[in-house]
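Inspection log for the structure reproduced underneath, given as structure tokens.
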Amino acid sequence: MNNLIIIVIVIIVAIIVGIMGNSNYQEVASARDQRNLQLTLEDCKRLFDEGLDRVDCFDKSINAFGTEEQKLQWQAGYFNP
């Protein structure tokens with residue numbers, strides 16, 4: 001009986017740690033992606049003059065690191081890096 005109680009407590013703690021870790025990961029990953037997006041857009045501005053190459057670089061950067069909202073804004077022409 002004591003072993004069953006210990007196993008149940010361990011499972012409950014593991015579930016709580018898993019939930020906390022998953023929510024923290026989402027925040028960390030989102031912040032990382034936004035930082036990477038900002039850095040790649042700055043690289044695009046430095047590497048390419050105005051034109052199709054720069055727009056293509058912006059497009060690839062936003063598709064790789066942007067949120068769904070940023071992607072939709074870029075496709076609609078409202079997102080201006």
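By order of appearance in the structure tokens: chains A, B, ..., then residues from 1 within every chain, and ligands from 1 in the order shown.
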
Closest atom pairs, residues of region 22-71 of chain A within 12 Å of region 75-78 of chain A, only C-alpha atoms, as a Markdown table:
```
| residue | atom | partner | partner_atom | distance |
| --- | --- | --- | --- | --- |
| A:Val55 | CA | A:Gly77 | CA | 11.5 |
| A:Phe58 | CA | A:Gln75 | CA | 11.2 |
| A:Asp59 | CA | A:Gln75 | CA | 8.8 |
| A:Lys60 | CA | A:Gln75 | CA | 11.9 |
| A:Ile62 | CA | A:Gln75 | CA | 10.0 |
| A:Asn63 | CA | A:Gln75 | CA | 10.2 |
| A:Gly66 | CA | A:Gln75 | CA | 11.8 |
| A:Glu68 | CA | A:Gln75 | CA | 10.6 |
| A:Glu69 | CA | A:Gln75 | CA | 10.0 |
| A:Gln70 | CA | A:Gln75 | CA | 8.6 |
| A:Lys71 | CA | A:Gln75 | CA | 6.2 |
```

Output N, CA and C atoms for every residue in that selection, as an mmCIF file, in the first residue's frame.
```cif
data_model
loop_
_atom_site.group_PDB
_atom_site.id
_atom_site.type_symbol
_atom_site.label_atom_id
_atom_site.label_comp_id
_atom_site.auth_asym_id
_atom_site.auth_seq_id
_atom_site.Cartn_x
_atom_site.Cartn_y
_atom_site.Cartn_z
ATOM 1 N N VAL A 55 13.549 41.499 -50.620
ATOM 2 C CA VAL A 55 12.179 41.055 -50.342
ATOM 3 C C VAL A 55 12.149 39.540 -50.163
ATOM 4 N N PHE A 58 13.539 38.802 -46.749
ATOM 5 C CA PHE A 58 12.511 39.095 -45.744
ATOM 6 C C PHE A 58 11.475 37.982 -45.699
ATOM 7 N N ASP A 59 11.045 37.546 -46.876
ATOM 8 C CA ASP A 59 10.014 36.511 -46.975
ATOM 9 C C ASP A 59 10.473 35.220 -46.293
ATOM 10 N N LYS A 60 11.698 34.798 -46.578
ATOM 11 C CA LYS A 60 12.222 33.566 -45.978
ATOM 12 C C LYS A 60 12.389 33.714 -44.469
ATOM 13 N N ILE A 62 10.710 35.741 -42.404
ATOM 14 C CA ILE A 62 9.393 35.784 -41.751
ATOM 15 C C ILE A 62 8.747 34.403 -41.752
ATOM 16 N N ASN A 63 8.898 33.664 -42.839
ATOM 17 C CA ASN A 63 8.341 32.312 -42.876
ATOM 18 C C ASN A 63 9.034 31.389 -41.883
ATOM 19 N N GLY A 66 8.708 34.006 -38.031
ATOM 20 C CA GLY A 66 7.576 34.857 -37.685
ATOM 21 C C GLY A 66 6.398 34.087 -37.125
ATOM 22 N N GLU A 68 2.252 33.431 -36.804
ATOM 23 C CA GLU A 68 1.218 33.339 -37.844
ATOM 24 C C GLU A 68 0.662 34.716 -38.180
ATOM 25 N N GLU A 69 0.503 35.558 -37.176
ATOM 26 C CA GLU A 69 -0.006 36.909 -37.409
ATOM 27 C C GLU A 69 0.975 37.719 -38.258
ATOM 28 N N GLN A 70 2.263 37.608 -37.972
ATOM 29 C CA GLN A 70 3.259 38.325 -38.756
ATOM 30 C C GLN A 70 3.295 37.820 -40.193
ATOM 31 N N LYS A 71 3.150 36.521 -40.379
ATOM 32 C CA LYS A 71 3.128 35.957 -41.731
ATOM 33 C C LYS A 71 1.936 36.492 -42.520
#
```

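Note that CA of Pro81 (chain A) and CA of Arg32 (chain A) are 17.6 Å apart.
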
Counting only C-alpha atoms, which residue out of A:Val10, A:Ile5, A:Leu72, A:Leu41 sits closest to Cys57 (chain A)? A:Leu41

Expressed in Å to a single decimal, how great is the separation between CA of Leu47 (chain A) and CA of Ala64 (chain A)? 18.0 Å

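From CA of Leu37 (chain A) back to CA of Thr67 (chain A), the distance works out to 9.7 Å.
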